[in-house]
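All remarks here apply to the structure that follows.
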Amino acid sequence: MDINKPRLDLDELERKNSISYKYCEHCGAAIPRSAEFACCSHCQETILFHAVKDYIRENNVNEFQVAEHFGIPLRLVKQWMRELRIEYVNPNRGPRLFQ
Ligand SMILES: [Zn+2]
């Protein structure tokens, strides 16, 4: 048995792990260091959602214009509508959305 064989260094391992992760600026969730944004995908969506709501409140727009303005998939806007997080003021008249 080779007593000089290096043991698994847990501190070293931990250091490597913390190097490959960073923490979401908003909720502190661990995200890959290589991630493009400073926050996790959940917080990104929350931030985006609030921006969308503000935009809808200030502009008379429909879901197509929202998707185009934010460069987000139409299905995401539709998903929010489905979840009743945003909805048409009156589905029978005009495209105006409200929060
Ligand atoms: Zn987060």
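Naming works like this for the structure tokens: A, B, ... for the chains as they're shown, residue 1 at the start of each chain, ligands 1 onward in shown order.
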
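Around ligand 1, the neighbouring residues within 6 Å, taking only C-alpha atoms and all ligand atoms, come to Cys24, His26, Cys27, Gly28, Ala29, Cys39, Cys40, His42 and Cys43 of chain A.
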
Would you put the residues from that selection into a file with C-alpha atoms, as a CSV table (one decimal), in the first residue's frame?
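Final output, result-v6.csv:
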```csv
chain,number,residue,atom,x,y,z
A,24,CYS,CA,-28.5,34.6,-7.7
A,26,HIS,CA,-32.1,38.1,-5.7
A,27,CYS,CA,-32.8,34.8,-4.0
A,28,GLY,CA,-29.3,33.5,-3.5
A,29,ALA,CA,-29.9,30.3,-5.4
A,39,CYS,CA,-29.8,35.9,-11.3
A,40,CYS,CA,-31.4,32.5,-11.6
A,42,HIS,CA,-36.8,31.9,-11.8
A,43,CYS,CA,-35.9,35.5,-10.7
```

Those in stretch 10-80 of chain A with strand (DSSP E or B) from DSSP, as a PyMOL selection string: chain A and resi 21-23+30-32

Kindly export the residues of the current selection with C-alpha atoms, as a tab-separated table (two decimals), in the first residue's frame.
```
chain	number	residue	atom	x	y	z
A	21	TYR	CA	-21.03	28.40	-9.05
A	22	LYS	CA	-22.24	31.87	-8.27
A	23	TYR	CA	-25.31	32.97	-6.42
A	30	ALA	CA	-26.69	28.64	-6.76
A	31	ILE	CA	-26.35	29.08	-10.51
A	32	PRO	CA	-23.51	28.13	-12.86
```

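We find atom CA of A:Gln79 and atom CA of A:Phe37 to be spaced 22.7 Å apart.
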
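Atom CA of A:Arg85 to atom CA of A:Asp54 spans 12.8 Å [interatomic distance, one decimal].
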
Backbone-only DSSP, helix (DSSP H, G or I) members of stretch 38-72 of chain A, as a ChimeraX atom specification: /A:41-58,63-70

Long-range neighbours of A:Ile72 as a list in words, 12 Å cut-off, only C-alpha atoms, 6 positions minimum in chain: Glu45, Leu48, Phe49, Val52, Glu63, Phe64, Gln65, Val66, Lys78 and Gln79 of chain A
